[in-house]
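Trainee: One structure, pasted below without further comment.
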Amino acid sequence: MRRCDELGAISDEAGQLTRTFHSPAMQRANALAGEWMRAAGMSVREDAAFNLIGRVESKNPHAKTLIIGSHLDTVRNAGKYDGPLGVLAGIACVENLRAQKIELPFHLEIVGFSDEEGVRYQTTYLGSRAMAGTLTKRDLAVIAEKGIERARRSRRDLLGYAEVHIEQGPVLEARKLAVGVVTAIAGQSRIRVEFEGRAGHAGTTPMNLRRDALCAAAELILAAEKSGVIATVGQIDVEPGASNVIPALATLSLDVRHANDSRRIAACRALKIKADQIAKRRGVRVRWTILQETASVACDPQARKILEKIVARHEREVISLPSGAGHDAAAMSAICPVAMLFVRCKGGISHHPDESVSERNVAKAIAVLTDFVKECCG
Ligand code: HGY
Ligand code: MN
Ligand code: MN
């Protein structure tokens, strides 16, 4: 918990917690978490995508590697636990195994991914997709840092991936449980929508002669809210951005989620048609750019069974639940089986400085994770 506080104080922005891909704060966070990994007896390196990797070598050089991880980057004005808690739980698990003198028949790595949130480039999972080898040409074109695709790992080396993460929802708190097992991770689409109208004088241009880009955007935002899937417009930029000038350009981010990929894709299509209709009626142009699509991912049934068996030793009730939030496990599922454990967080609040967890619930998650790794020894 103290480590969460220490990492939570490392930010790119004064007065709030923001750490974005390869920023100065991310480099400081990697250095600090790397020290804790070294102190736990791990060898530490950073891969070509700036993922922080602590490793406990098994005596068997031909062994595969189990990866436990989460992300060290954050959203803007973030909470302290979304991401870092999973990395620190992994380090605590290694400290437990060491204290119990457990020799693992496989290599164990704890990974702090460099960009799960995608705040800097609007492309999520840069770190875990670099490791999974699923970066697109577009990803590589938009990012300034070259060569991150060299972080790619081969599926032959991996046993699997496990992630501890705050639930970011209300279910565990409602059921008075500390932890729960994740069944699947919802797919997501990230789209940039640009409405281009015409700037004009706010005082002299009659309302019926305007080509107001921001009013067009406003209509689409409300249509997204009623689209029947989980849709969010989190960012909007307006140009020229003066109070007495009719907006010529409105650029908005559209984030669409659903557990069922065809429902999500259909909803995005319907919103694109709506955007075209709004643009036509208002005499503005619209540009629709899909920045990223991530399919929904089922957690590995076998790994889930092991996790449920372990949770049953620690909780009076074992519940399994889907994740509406995206996680690095979704990216890692391209190269190995994945398992996720949710930790209860207060009020389900996340992506907000009020994000909080209890020491008791975190202790239970670390105990479950440690038993899970021991169970993987077969
Ligand atoms: O947006 C998400 O679902 C995750 O927090 N990156
Ligand atoms: Mn997260
Ligand atoms: Mn997040």
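As shown in the structure tokens, the chain order sets the letters A, B, ...; within each chain, residues go from 1, and ligands are also counted from 1 in the order they appear.
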Around ligand 1, which protein and nucleic acid residues have at least one atom no more than 7 Å from it, if we count only C-alpha atoms and all ligand atoms? List them as a ChimeraX atom specification.

Mentor: /A:116-117,124,324-327

Trainee: Set the cut-off to 9 Å, count only C-alpha atoms and all ligand atoms, and list whatever residues fall near ligand 2 as a ChimeraX atom specification.

Mentor: /A:70-75,81-84,86,116-117,165-166,168,325-328,351

Trainee: Rank A:Cys268, A:Ile102, A:Ile335, A:Ala186 by their smallest atom-to-atom distance to Ala132 in chain A, using only C-alpha atoms, and report the top residue only.

Mentor: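 Under the stated criterion, the closest residue is A:Ile335.
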
Trainee: Of the candidates A:Val311, A:Val318, A:Leu158, A:Ala217, which shows the shortest atom-to-atom distance to Asp276 in chain A, using only C-alpha atoms?

Mentor: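 When distances to Asp276 in chain A are compared using only C-alpha atoms, the smallest one comes from A:Ala217.
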
Trainee: Neighbouring residues of Glu149 in chain A were defined as those with any atom within 10 Å, considering only C-alpha atoms; residues of the same chain fewer than 4 positions away were excluded. Please report them as a PyMOL selection string.

Mentor: chain A and resi 47-49+126-127+129-136+140+153

Trainee: Rank A:Ala199, A:Ala78, A:Ile110, A:Ile310 by their smallest atom-to-atom distance to ligand 3, using only C-alpha atoms and all ligand atoms, and report the top residue only.

Mentor: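 Of A:Ala199, A:Ala78, A:Ile110, A:Ile310, the one nearest ligand 3 is A:Ala78, counting only C-alpha atoms and all ligand atoms.
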
Trainee: Here is a test: counting only C-alpha atoms and all ligand atoms, which residue of A:Arg313, A:His201, A:Arg264, A:Lys80 is nearest to ligand 3?

Mentor: A:Lys80

Trainee: Rank A:Ala224, A:Leu88, A:Val343, A:Cys376 by their smallest atom-to-atom distance to Leu66 in chain A, using only C-alpha atoms, and report the top residue only.

Mentor: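 Distance minimum relative to Leu66 in chain A lands on A:Cys376.
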
Trainee: Residues near Val229 in chain A, anyone? I mean within 7 Å using only C-alpha atoms, not counting same-chain ones fewer than 3 positions away, as a list in words.

Mentor: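 Selected residues are Arg257, His258, Arg264 and Ala267 of chain A.
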